[in-house]
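*Asks:* Supplied in C-alpha cells, the structure appears directly below.
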Amino acid sequence: METREEPEGPLGPQGLIYASFNQDTTSLAVGTKAGYKLFSVTSVEKMDCIHEGVESPEVYICERLFSSSLVVVVSLSLPRRMNVYHFKKGTEICNYSYSNNILSVRLNRQRLVVCLEESIYIHNIKDMKLLKTLLNTPSNPTGLLALSVNHGNSYLAYPGSATIGEIIVYDANNLSTLTMIQAHDSPLAAITFNGSGTKLASASERGTVIRVFTVPEGHRLFEFRRGMKRYVSISSLSFSTDAQFLCASSNTETVHIFKLEQHSPSQEEESPTWSAYVGKMFTAASTYLPAQVSDMMHQDRAFATVRLNMFGLKNVCALATIQKMPRLLVASSDGHLYIYNVDPQDGGECVLVQKHSLCWCVSRLFDTDEDPVDQDEDTDPEVVRPQPPSQSYAATLALPSTPPTSATLTGYSEDGGAQKGEVIPEHEFAEGPVCLDDENEFPPVSKQSN
C-alpha cells in the first residue's frame with residue numbers, strides 16, 4: 001500500500017517522495033524532502049494533518065501502526081538506519097542499523113518486518129527485539145513484501161524466485177515457512193493480504209493477470225484480467241475491509257476494482273438470459289481450446305474502474321469505508337489524494353467526489369514566509385506539534401535515563417544458529433514493553449510463546 005519515487009530519480013511536487021496508507025486505511029503517511037506528514041483520511045471533505053515530523057529529512061519510508069503513536073521512518077540520508085518514533089511524545093523509541101539499504105518495512109500489532117535486497121529481519125514489536133533473520137532470500141531489489149495486519153497469524157509473503165512468480169508464505173508468529181505458491185510465470189510485481197490474512201492477491205511484472213489464493217493452503221480462488229493490449233507496472237493491490245473487492249493501480253490512467261464472488265451454476269439456471277446461454281457455450285467450448293486461451297475465457301473482468309487524468313505516474317490505491325460509504329482512495333505522486341465513490345451493487349465508472357492537494361498541505365506546513373496561525377491545542381487533539389526527539393528509549397518507557405548503547409551481534413540463519421560474518425545492526429535493547437499511551441488505539445496483546 002505504498003508509492004515511492006526512486007532515490008536517484010526526480011522527486012514529486014514539493015519534494016514528495018513516498019506515500020502509504022496505514023493498516024486500516026484511516027490515515028495517510030507522506031515522505032518529503034523536509035521530513036514526513038501523517039494525515040487523517042476519515043472524512044471526504046477535509047484531510048487534517050495529524051503530525052509533521054522533521055527529525056529526519058528526505059524520508060522515503062514512513063509507516064504508521066494503525067492509529068497509534070508509533071511510526072517507522074527511513075531517510076535517504078541514512079538508508080541503512082530505521083528509526084522508530086513515538087510521535088505524540090516527540091521521542092525516539094529505538095533505532096536499528098542494517099548491513100544494506102532498507103527497501104521496505106511492514107508492521108502489525110505483533111511483528112515489525114524489515115526487508116533488504118537479500119534478507120528479511122523479523123522483530124517483536126512489543127520490545128523491538130530481533131526474533132529471526134531470513135538470510136539469502138532471492139534477490140528482491142524493490143523490497144516486495146506483504147504482512148498480514150491480523151496479528152493472530154502474522155503471515156508474511158515475499159518472492160521465492162527472482163525469475164518467476166513464486167510466493168513464499170511465512171508464519172512470522174511461529175517463525176516457520178508455511179507454503180510456496182506458484183503464482184505467475186514472470187516475476188512478481190505486487191502482493192497483498194486481506195485483513196484477516198486468509199487471502200493473498202498477486203500480480204506479475206506483465207501486469208495483465210491478477211490472482212487470489214487461499215492462505216495458508218495456497219489454492220487459487222480467483223483470476224482477474226486487467227487487460228490484454230499492453231504490459232503495465234502494477235504499483236499497488238488492496239482488498240476492501242470485507243475482502244469482497246480488490247483494487248489495483250498501475251502506471252496507466254486506469255484503476256481497476258474487482259469483485260470477489262463465485263458464480264454458482266444455480267444462479268445461471270435461475271437467469272436463463274441470452275448472455276447466460278452464450279456464456280455456457282463458451283465454457284463448453286473452452287474445454288477443447290489450448291490452456292492459455294481457456295484460462296483467458298474463464299478470467300473475470302473489472303467490476304468497476306476509475307479513469308485518472310494522469311499517465312505514467314506512481315500511485316497507491318486503497319478501498320475504505322468513509323462516512324458509511326465505500327470509497328476508493330488514490331494517492332498519486334502528482335501531489336494529490338483522490339477520493340471516489342464506489343457503487344457496490346452495479347460497479348461501473350467511479351465518481352470523483354473530492355481531490356485534496358498534498359502539495360498545499362506540505363507548503364502550508366513548511367512555508368516559513370507565512371506567519372504561523374495560533375491555535376489552541378484543545379480545539380483539535382489530533383493535531384500534534386512536533387518536538388525534538390531528545391529523550392532516549394529508556395525515557396520513553398518511563399525508565400531511568402541512560403546514554404545510548406550499541407552492540408554488534410552475530411546474525412541468525414534460517415534454523416536459528418549463528419551465521420558467521422553476518423552483522424546484525426547496532427541497536428538499543430528494550431528492557432520492557434513499548435508503551436504508547438494509546439490504550440484505546442493500541443490495545444495490549446499478550447506475548448505468545450513460540
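Identifiers for the C-alpha cells are assigned positionally: chains receive A, B, ... in sequence, residues are indexed from 1 per chain, and ligands are indexed from 1 in the order shown.
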To test your reading of the structure, identify every residue in range 202-241 of chain A that backbone DSSP assigns to strand (DSSP E or B), and report it as a count of residues only.
*Replies:* 21
*Asks:* Find the spatial neighbours of Val71 in chain A, counting only C-alpha atoms, within a cut-off of 7 Å - ignore same-chain residues fewer than 6 positions away - and output them as JSON, numbers by chain.
*Replies:* {"A": [62, 63, 64, 65, 84, 85, 86, 87]}
*Asks:* Keeping only all heavy atoms, write the selected residues as a PDB file, in the first residue's frame.
*Replies:*
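Printed below is out.pdb as written:
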```
ATOM      1  N   CYS A  62       7.857   5.598   5.414  1.00  0.00           N
ATOM      2  CA  CYS A  62       7.154   6.087   6.601  1.00  0.00           C
ATOM      3  C   CYS A  62       5.926   5.218   6.804  1.00  0.00           C
ATOM      4  O   CYS A  62       5.017   5.204   5.966  1.00  0.00           O
ATOM      5  CB  CYS A  62       6.758   7.552   6.433  1.00  0.00           C
ATOM      6  SG  CYS A  62       5.926   8.244   7.879  1.00  0.00           S
ATOM      7  N   GLU A  63       5.899   4.469   7.900  1.00  0.00           N
ATOM      8  CA  GLU A  63       4.808   3.550   8.181  1.00  0.00           C
ATOM      9  C   GLU A  63       4.278   3.793   9.590  1.00  0.00           C
ATOM     10  O   GLU A  63       5.048   3.804  10.546  1.00  0.00           O
ATOM     11  CB  GLU A  63       5.276   2.093   8.059  1.00  0.00           C
ATOM     12  CG  GLU A  63       5.722   1.698   6.658  1.00  0.00           C
ATOM     13  CD  GLU A  63       4.572   1.546   5.691  1.00  0.00           C
ATOM     14  OE1 GLU A  63       3.432   1.346   6.157  1.00  0.00           O
ATOM     15  OE2 GLU A  63       4.810   1.615   4.475  1.00  0.00           O
ATOM     16  N   ARG A  64       2.958   3.957   9.707  1.00  0.00           N
ATOM     17  CA  ARG A  64       2.320   4.151  10.993  1.00  0.00           C
ATOM     18  C   ARG A  64       1.599   2.875  11.422  1.00  0.00           C
ATOM     19  O   ARG A  64       1.000   2.192  10.587  1.00  0.00           O
ATOM     20  CB  ARG A  64       1.314   5.301  10.929  1.00  0.00           C
ATOM     21  CG  ARG A  64       0.679   5.651  12.269  1.00  0.00           C
ATOM     22  CD  ARG A  64      -0.421   6.673  12.105  1.00  0.00           C
ATOM     23  NE  ARG A  64      -0.980   7.081  13.397  1.00  0.00           N
ATOM     24  CZ  ARG A  64      -2.071   7.823  13.541  1.00  0.00           C
ATOM     25  NH1 ARG A  64      -2.729   8.251  12.474  1.00  0.00           N
ATOM     26  NH2 ARG A  64      -2.511   8.150  14.749  1.00  0.00           N
ATOM     27  N   LEU A  65       1.639   2.560  12.695  1.00  0.00           N
ATOM     28  CA  LEU A  65       0.956   1.389  13.232  1.00  0.00           C
ATOM     29  C   LEU A  65      -0.481   1.750  13.581  1.00  0.00           C
ATOM     30  O   LEU A  65      -0.746   2.405  14.587  1.00  0.00           O
ATOM     31  CB  LEU A  65       1.681   0.857  14.470  1.00  0.00           C
ATOM     32  CG  LEU A  65       1.034  -0.353  15.153  1.00  0.00           C
ATOM     33  CD1 LEU A  65       1.039  -1.561  14.219  1.00  0.00           C
ATOM     34  CD2 LEU A  65       1.742  -0.684  16.459  1.00  0.00           C
ATOM     35  N   VAL A  84      12.394   4.358  14.930  1.00  0.00           N
ATOM     36  CA  VAL A  84      11.040   4.132  15.418  1.00  0.00           C
ATOM     37  C   VAL A  84      10.715   5.228  16.421  1.00  0.00           C
ATOM     38  O   VAL A  84      11.414   5.380  17.430  1.00  0.00           O
ATOM     39  CB  VAL A  84      10.899   2.744  16.074  1.00  0.00           C
ATOM     40  CG1 VAL A  84       9.460   2.504  16.516  1.00  0.00           C
ATOM     41  CG2 VAL A  84      11.347   1.646  15.110  1.00  0.00           C
ATOM     42  N   TYR A  85       9.674   6.021  16.141  1.00  0.00           N
ATOM     43  CA  TYR A  85       9.337   7.181  16.960  1.00  0.00           C
ATOM     44  C   TYR A  85       7.981   7.006  17.645  1.00  0.00           C
ATOM     45  O   TYR A  85       7.083   6.337  17.130  1.00  0.00           O
ATOM     46  CB  TYR A  85       9.273   8.448  16.104  1.00  0.00           C
ATOM     47  CG  TYR A  85      10.585   8.874  15.496  1.00  0.00           C
ATOM     48  CD1 TYR A  85      10.791   8.790  14.121  1.00  0.00           C
ATOM     49  CD2 TYR A  85      11.632   9.356  16.289  1.00  0.00           C
ATOM     50  CE1 TYR A  85      11.983   9.188  13.543  1.00  0.00           C
ATOM     51  CE2 TYR A  85      12.826   9.758  15.725  1.00  0.00           C
ATOM     52  CZ  TYR A  85      12.997   9.666  14.351  1.00  0.00           C
ATOM     53  OH  TYR A  85      14.187  10.054  13.790  1.00  0.00           O
ATOM     54  N   HIS A  86       7.868   7.628  18.818  1.00  0.00           N
ATOM     55  CA  HIS A  86       6.589   7.873  19.475  1.00  0.00           C
ATOM     56  C   HIS A  86       6.268   9.333  19.158  1.00  0.00           C
ATOM     57  O   HIS A  86       6.724  10.251  19.839  1.00  0.00           O
ATOM     58  CB  HIS A  86       6.734   7.653  20.983  1.00  0.00           C
ATOM     59  CG  HIS A  86       5.445   7.720  21.751  1.00  0.00           C
ATOM     60  ND1 HIS A  86       4.604   8.806  21.704  1.00  0.00           N
ATOM     61  CD2 HIS A  86       4.845   6.833  22.586  1.00  0.00           C
ATOM     62  CE1 HIS A  86       3.562   8.597  22.481  1.00  0.00           C
ATOM     63  NE2 HIS A  86       3.685   7.406  23.020  1.00  0.00           N
ATOM     64  N   PHE A  87       5.500   9.560  18.073  1.00  0.00           N
ATOM     65  CA  PHE A  87       5.408  10.925  17.565  1.00  0.00           C
ATOM     66  C   PHE A  87       4.603  11.846  18.470  1.00  0.00           C
ATOM     67  O   PHE A  87       4.804  13.063  18.462  1.00  0.00           O
ATOM     68  CB  PHE A  87       4.865  10.939  16.131  1.00  0.00           C
ATOM     69  CG  PHE A  87       3.405  10.606  15.977  1.00  0.00           C
ATOM     70  CD1 PHE A  87       2.425  11.564  16.206  1.00  0.00           C
ATOM     71  CD2 PHE A  87       3.008   9.350  15.555  1.00  0.00           C
ATOM     72  CE1 PHE A  87       1.085  11.261  16.043  1.00  0.00           C
ATOM     73  CE2 PHE A  87       1.660   9.040  15.385  1.00  0.00           C
ATOM     74  CZ  PHE A  87       0.699  10.001  15.631  1.00  0.00           C
TER      75      PHE A  87
END
```
*Asks:* Nearest to Pro57 in chain A among A:Ser77, A:Ser43, A:Asn315, A:Ser186, with distances taken over only C-alpha atoms: which residue is it?
*Replies:*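 For Pro57 in chain A, the nearest of the given residues is A:Ser77.
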*Asks:* Measuring atom to atom with only C-alpha atoms, identify which of A:Leu70, A:Phe245, A:Lys88, A:Lys355 is nearest to His51 in chain A.
*Replies:*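 For His51 in chain A, the nearest of the given residues is A:Lys88.
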*Asks:* Tell me, as a PDB file with N, CA and C atoms, in the first residue's frame, which residues lie within 8 Å of Pro326 in chain A, counting only C-alpha atoms; anything in the same chain fewer than 5 positions away does not count.
*Replies:*
```
ATOM      1  N   LEU A 319      -9.107   0.725  -0.672  1.00  0.00           N
ATOM      2  CA  LEU A 319     -10.555   0.753  -0.528  1.00  0.00           C
ATOM      3  C   LEU A 319     -10.896   0.950   0.943  1.00  0.00           C
ATOM      4  N   ALA A 320     -11.795   1.874   1.214  1.00  0.00           N
ATOM      5  CA  ALA A 320     -12.135   2.190   2.604  1.00  0.00           C
ATOM      6  C   ALA A 320     -13.597   2.586   2.699  1.00  0.00           C
ATOM      7  N   THR A 321     -14.139   2.457   3.898  1.00  0.00           N
ATOM      8  CA  THR A 321     -15.480   2.955   4.183  1.00  0.00           C
ATOM      9  C   THR A 321     -15.341   4.267   4.939  1.00  0.00           C
ATOM     10  N   ASN A 341     -16.376   7.689  -5.160  1.00  0.00           N
ATOM     11  CA  ASN A 341     -17.467   6.846  -4.693  1.00  0.00           C
ATOM     12  C   ASN A 341     -17.470   5.540  -5.475  1.00  0.00           C
ATOM     13  N   VAL A 342     -17.769   4.443  -4.784  1.00  0.00           N
ATOM     14  CA  VAL A 342     -17.842   3.131  -5.418  1.00  0.00           C
ATOM     15  C   VAL A 342     -19.258   2.588  -5.241  1.00  0.00           C
ATOM     16  N   ASP A 343     -19.873   2.169  -6.337  1.00  0.00           N
ATOM     17  CA  ASP A 343     -21.203   1.562  -6.282  1.00  0.00           C
ATOM     18  C   ASP A 343     -21.023   0.064  -6.048  1.00  0.00           C
ATOM     19  N   PRO A 344     -21.314  -0.432  -4.832  1.00  0.00           N
ATOM     20  CA  PRO A 344     -21.054  -1.851  -4.538  1.00  0.00           C
ATOM     21  C   PRO A 344     -22.033  -2.796  -5.215  1.00  0.00           C
TER      22      PRO A 344
END
```
*Asks:* Name all residues at most 8 Å from range 210-223 of chain A (count only C-alpha atoms; drop same-chain ones fewer than 6 positions away) and give them as a CSV table (one decimal) with N, CA, C and O atoms, in the first residue's frame.
*Replies:*
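That gives us result_28.csv:
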```csv
chain,number,residue,atom,x,y,z
A,169,VAL,N,5.1,-18.1,1.7
A,169,VAL,CA,4.2,-17.6,2.8
A,169,VAL,C,4.9,-18.1,4.1
A,169,VAL,O,5.1,-19.3,4.2
A,178,LEU,N,5.3,-21.7,5.7
A,178,LEU,CA,4.0,-22.4,5.6
A,178,LEU,C,3.9,-23.1,4.2
A,178,LEU,O,3.7,-24.3,4.2
A,179,THR,N,4.1,-22.4,3.2
A,179,THR,CA,3.9,-22.9,1.8
A,179,THR,C,4.6,-22.0,0.8
A,179,THR,O,5.0,-20.9,1.1
A,180,MET,N,4.8,-22.6,-0.4
A,180,MET,CA,5.2,-21.8,-1.6
A,180,MET,C,4.1,-21.9,-2.7
A,180,MET,O,3.7,-23.0,-3.0
A,181,ILE,N,3.8,-20.8,-3.2
A,181,ILE,CA,2.7,-20.7,-4.2
A,181,ILE,C,3.3,-20.3,-5.6
A,181,ILE,O,4.0,-19.4,-5.7
A,183,ALA,N,2.6,-18.7,-8.4
A,183,ALA,CA,1.5,-17.7,-8.7
A,183,ALA,C,1.5,-17.3,-10.2
A,183,ALA,O,0.5,-17.2,-10.8
A,197,GLY,N,-6.0,-12.1,6.7
A,197,GLY,CA,-4.8,-12.9,6.4
A,197,GLY,C,-5.2,-14.3,5.8
A,197,GLY,O,-4.4,-15.2,5.7
A,198,THR,N,-6.4,-14.4,5.3
A,198,THR,CA,-6.9,-15.7,4.7
A,198,THR,C,-6.9,-15.7,3.2
A,198,THR,O,-7.0,-16.7,2.6
A,199,LYS,N,-6.6,-14.5,2.6
A,199,LYS,CA,-6.5,-14.4,1.1
A,199,LYS,C,-5.2,-13.6,0.8
A,199,LYS,O,-4.8,-12.7,1.5
A,200,LEU,N,-4.6,-14.0,-0.4
A,200,LEU,CA,-3.4,-13.3,-0.8
A,200,LEU,C,-3.6,-13.0,-2.3
A,200,LEU,O,-3.9,-14.0,-3.1
A,201,ALA,N,-3.4,-11.8,-2.7
A,201,ALA,CA,-3.5,-11.4,-4.1
A,201,ALA,C,-2.2,-11.1,-4.6
A,201,ALA,O,-1.3,-10.6,-3.9
A,202,SER,N,-2.0,-11.4,-5.9
A,202,SER,CA,-0.7,-11.2,-6.5
A,202,SER,C,-0.8,-10.7,-8.0
A,202,SER,O,-1.8,-11.0,-8.7
A,203,ALA,N,0.2,-10.0,-8.5
A,203,ALA,CA,0.3,-9.6,-9.9
A,203,ALA,C,1.8,-9.7,-10.3
A,203,ALA,O,2.7,-9.6,-9.5
A,204,SER,N,2.0,-10.1,-11.6
A,204,SER,CA,3.4,-10.2,-12.1
A,204,SER,C,3.8,-8.9,-12.7
A,204,SER,O,3.1,-8.0,-12.9
A,260,LEU,N,-14.9,-10.1,-5.7
A,260,LEU,CA,-14.6,-11.5,-5.4
A,260,LEU,C,-15.9,-12.2,-5.1
A,260,LEU,O,-16.4,-12.3,-4.0
A,298,HIS,N,-12.0,-17.9,-18.9
A,298,HIS,CA,-12.5,-18.0,-17.5
A,298,HIS,C,-12.2,-16.9,-16.6
A,298,HIS,O,-12.6,-16.9,-15.4
A,299,GLN,N,-11.4,-15.9,-17.1
A,299,GLN,CA,-10.9,-14.8,-16.2
A,299,GLN,C,-12.0,-13.7,-16.2
A,299,GLN,O,-12.6,-13.3,-17.2
A,300,ASP,N,-12.3,-13.2,-15.0
A,300,ASP,CA,-13.3,-12.2,-14.8
A,300,ASP,C,-12.7,-10.8,-15.1
A,300,ASP,O,-11.5,-10.6,-14.9
```
*Asks:* Measure the distance from CA of Thr305 in chain A to CA of Glu45 in chain A in Å and round it to one decimal.
*Replies:*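 So the answer is 22.2 Å.
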*Asks:* Name the closest residue to Asp346 in chain A among the candidates A:Arg301, A:Lys259, A:Arg327, A:His151; distances are taken between atoms, counting only C-alpha atoms.
*Replies:*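 Closest to Asp346 in chain A, using only C-alpha atoms: A:Lys259.
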*Asks:* Using only C-alpha atoms, which residues sit within 12 Å of Val149 in chain A once same-chain residues fewer than 5 positions away are excluded, as a PyMOL selection string?
*Replies:* chain A and resi 22-25+65-66+106-113+154-156+172+192-199+239+241
*Asks:* Please, could you write that set of residues out with N, CA and C atoms as an mmCIF file, in the first residue's frame?
*Replies:*
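Output file out05.cif follows:
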```cif
data_model
loop_
_atom_site.group_PDB
_atom_site.id
_atom_site.type_symbol
_atom_site.label_atom_id
_atom_site.label_comp_id
_atom_site.auth_asym_id
_atom_site.auth_seq_id
_atom_site.Cartn_x
_atom_site.Cartn_y
_atom_site.Cartn_z
ATOM 1 N N ASN A 22 -2.123 3.537 6.320
ATOM 2 C CA ASN A 22 -1.900 2.634 7.456
ATOM 3 C C ASN A 22 -2.751 1.383 7.300
ATOM 4 N N GLN A 23 -2.702 0.495 8.288
ATOM 5 C CA GLN A 23 -3.283 -0.844 8.131
ATOM 6 C C GLN A 23 -4.798 -0.847 7.986
ATOM 7 N N ASP A 24 -5.494 0.108 8.570
ATOM 8 C CA ASP A 24 -6.960 0.150 8.450
ATOM 9 C C ASP A 24 -7.438 1.321 7.599
ATOM 10 N N THR A 25 -6.536 1.920 6.841
ATOM 11 C CA THR A 25 -6.845 2.988 5.891
ATOM 12 C C THR A 25 -7.570 4.156 6.555
ATOM 13 N N LEU A 65 1.639 2.560 12.695
ATOM 14 C CA LEU A 65 0.956 1.389 13.232
ATOM 15 C C LEU A 65 -0.481 1.750 13.581
ATOM 16 N N PHE A 66 -1.407 1.351 12.714
ATOM 17 C CA PHE A 66 -2.824 1.654 12.895
ATOM 18 C C PHE A 66 -3.004 3.126 13.280
ATOM 19 N N ARG A 106 7.216 -3.418 7.085
ATOM 20 C CA ARG A 106 5.818 -3.749 7.327
ATOM 21 C C ARG A 106 5.634 -4.031 8.815
ATOM 22 N N LEU A 107 4.453 -3.706 9.347
ATOM 23 C CA LEU A 107 4.227 -3.912 10.766
ATOM 24 C C LEU A 107 2.752 -4.163 11.058
ATOM 25 N N ASN A 108 2.529 -4.971 12.098
ATOM 26 C CA ASN A 108 1.201 -5.124 12.694
ATOM 27 C C ASN A 108 1.375 -5.068 14.205
ATOM 28 N N ARG A 109 0.366 -5.451 14.958
ATOM 29 C CA ARG A 109 0.455 -5.301 16.414
ATOM 30 C C ARG A 109 1.330 -6.359 17.076
ATOM 31 N N GLN A 110 1.886 -7.255 16.296
ATOM 32 C CA GLN A 110 2.723 -8.310 16.855
ATOM 33 C C GLN A 110 4.145 -8.282 16.298
ATOM 34 N N ARG A 111 4.306 -7.923 15.030
ATOM 35 C CA ARG A 111 5.599 -8.016 14.359
ATOM 36 C C ARG A 111 5.931 -6.749 13.577
ATOM 37 N N LEU A 112 7.240 -6.484 13.492
ATOM 38 C CA LEU A 112 7.781 -5.448 12.622
ATOM 39 C C LEU A 112 8.805 -6.133 11.725
ATOM 40 N N VAL A 113 8.631 -6.015 10.411
ATOM 41 C CA VAL A 113 9.465 -6.742 9.452
ATOM 42 C C VAL A 113 10.188 -5.747 8.561
ATOM 43 N N SER A 154 -0.103 -13.216 11.553
ATOM 44 C CA SER A 154 1.116 -12.517 11.116
ATOM 45 C C SER A 154 1.785 -13.230 9.944
ATOM 46 N N TYR A 155 0.989 -13.582 8.947
ATOM 47 C CA TYR A 155 1.565 -14.216 7.767
ATOM 48 C C TYR A 155 2.396 -13.201 6.979
ATOM 49 N N LEU A 156 3.516 -13.685 6.471
ATOM 50 C CA LEU A 156 4.451 -12.863 5.715
ATOM 51 C C LEU A 156 4.590 -13.469 4.326
ATOM 52 N N ALA A 172 5.134 -15.522 10.674
ATOM 53 C CA ALA A 172 6.035 -14.675 11.446
ATOM 54 C C ALA A 172 5.793 -14.770 12.946
ATOM 55 N N THR A 192 -0.420 -8.703 -1.727
ATOM 56 C CA THR A 192 -1.076 -8.138 -0.547
ATOM 57 C C THR A 192 -2.014 -9.159 0.064
ATOM 58 N N PHE A 193 -2.192 -9.084 1.391
ATOM 59 C CA PHE A 193 -3.145 -9.922 2.119
ATOM 60 C C PHE A 193 -4.448 -9.167 2.325
ATOM 61 N N ASN A 194 -5.528 -9.906 2.527
ATOM 62 C CA ASN A 194 -6.745 -9.269 3.014
ATOM 63 C C ASN A 194 -6.612 -9.048 4.526
ATOM 64 N N GLY A 195 -7.602 -8.412 5.125
ATOM 65 C CA GLY A 195 -7.487 -8.024 6.520
ATOM 66 C C GLY A 195 -7.301 -9.167 7.487
ATOM 67 N N SER A 196 -7.933 -10.310 7.222
ATOM 68 C CA SER A 196 -7.835 -11.451 8.131
ATOM 69 C C SER A 196 -6.644 -12.344 7.838
ATOM 70 N N GLY A 197 -5.969 -12.110 6.716
ATOM 71 C CA GLY A 197 -4.825 -12.937 6.361
ATOM 72 C C GLY A 197 -5.203 -14.274 5.763
ATOM 73 N N THR A 198 -6.443 -14.418 5.285
ATOM 74 C CA THR A 198 -6.905 -15.685 4.709
ATOM 75 C C THR A 198 -6.851 -15.694 3.187
ATOM 76 N N LYS A 199 -6.607 -14.542 2.577
ATOM 77 C CA LYS A 199 -6.483 -14.438 1.124
ATOM 78 C C LYS A 199 -5.228 -13.643 0.773
ATOM 79 N N PHE A 239 -7.174 -4.986 -0.756
ATOM 80 C CA PHE A 239 -8.503 -5.537 -0.520
ATOM 81 C C PHE A 239 -9.371 -4.525 0.233
ATOM 82 N N THR A 241 -12.175 -3.917 3.281
ATOM 83 C CA THR A 241 -12.177 -4.444 4.644
ATOM 84 C C THR A 241 -12.880 -5.797 4.722
#
```
*Asks:* For Gly152 in chain A, which residue among A:Gln244, A:Gln182, A:Thr32, A:Asn174 is the nearest when counting only C-alpha atoms?
*Replies:*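 With only C-alpha atoms as the atom set, the closest residue is A:Asn174.
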*Asks:* With only C-alpha atoms as the atoms that count, which of A:Ser357, A:Thr208, A:Gln262, A:Ser238 lies nearest to Phe39 in chain A?
*Replies:*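 Using only C-alpha atoms, Phe39 in chain A sits closest to A:Ser357.
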*Asks:* Please report the interatomic distance between CA of Met128 in chain A and CA of Leu116 in chain A in Å with one decimal.
*Replies:* 17.6 Å
*Asks:* What's the separation between CA of Ser333 in chain A and CA of Tyr36 in chain A, in Å to one decimal place?
*Replies:*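 Between CA of Ser333 in chain A and CA of Tyr36 in chain A the gap works out to 14.6 Å.
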*Asks:* Would you list the contacts of Ala302 in chain A as a list in words, taking every protein, DNA or RNA residue within 12 Å and counting only C-alpha atoms, but skipping same-chain residues closer than 6 positions in sequence?
*Replies:* Thr208, Val209, Ile210, Glu223, Phe224, Arg225, Arg226, Gly227, Phe245, Leu246, Cys247, Ala248, Thr254, Val255, His256, Ile257, Phe258, Lys259, Leu260, Asp346, Gly347, Gly348, Glu349 and Cys350 of chain A
*Asks:* For the residues selected in the previous step, produce a file with C-alpha atoms as a PDB file, in the first residue's frame.
*Replies:*
```
ATOM      1  CA  THR A 208      -2.189  -8.449 -17.201  1.00  0.00           C
ATOM      2  CA  VAL A 209      -3.494 -11.048 -14.718  1.00  0.00           C
ATOM      3  CA  ILE A 210      -4.239 -10.721 -11.005  1.00  0.00           C
ATOM      4  CA  GLU A 223      -8.260 -14.898 -11.547  1.00  0.00           C
ATOM      5  CA  PHE A 224      -8.880 -11.446 -12.957  1.00  0.00           C
ATOM      6  CA  ARG A 225      -7.704  -9.975 -16.240  1.00  0.00           C
ATOM      7  CA  ARG A 226      -6.652  -6.348 -16.037  1.00  0.00           C
ATOM      8  CA  GLY A 227      -6.011  -6.040 -19.763  1.00  0.00           C
ATOM      9  CA  PHE A 245     -13.417  -6.227  -3.517  1.00  0.00           C
ATOM     10  CA  LEU A 246      -9.835  -5.870  -4.712  1.00  0.00           C
ATOM     11  CA  CYS A 247      -8.392  -2.748  -6.315  1.00  0.00           C
ATOM     12  CA  ALA A 248      -5.293  -2.496  -8.498  1.00  0.00           C
ATOM     13  CA  THR A 254      -6.919   3.292 -15.082  1.00  0.00           C
ATOM     14  CA  VAL A 255      -7.550   1.880 -11.608  1.00  0.00           C
ATOM     15  CA  HIS A 256      -9.451  -1.424 -11.620  1.00  0.00           C
ATOM     16  CA  ILE A 257     -11.768  -2.769  -8.917  1.00  0.00           C
ATOM     17  CA  PHE A 258     -12.578  -6.486  -8.998  1.00  0.00           C
ATOM     18  CA  LYS A 259     -15.432  -8.207  -7.185  1.00  0.00           C
ATOM     19  CA  LEU A 260     -14.621 -11.473  -5.424  1.00  0.00           C
ATOM     20  CA  ASP A 346     -23.638  -2.097 -10.044  1.00  0.00           C
ATOM     21  CA  GLY A 347     -19.974  -1.057 -10.214  1.00  0.00           C
ATOM     22  CA  GLY A 348     -19.139   0.798 -13.408  1.00  0.00           C
ATOM     23  CA  GLU A 349     -17.271   4.069 -13.625  1.00  0.00           C
ATOM     24  CA  CYS A 350     -16.499   5.516 -10.170  1.00  0.00           C
TER      25      CYS A 350
END
```
*Asks:* From the set A:Asp48, A:Ala34, A:Thr252, A:Leu328, which residue has the shortest atom-to-atom contact distance to Val351 in chain A, counting only C-alpha atoms?
*Replies:*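 For Val351 in chain A, the nearest of the candidates is A:Leu328.
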*Asks:* Could you pull out the residues in range 63-303 of chain A that DSSP calls alpha helix (DSSP H) from the backbone, as a ChimeraX atom specification?
*Replies:* /A:265-270,274-286,291-298
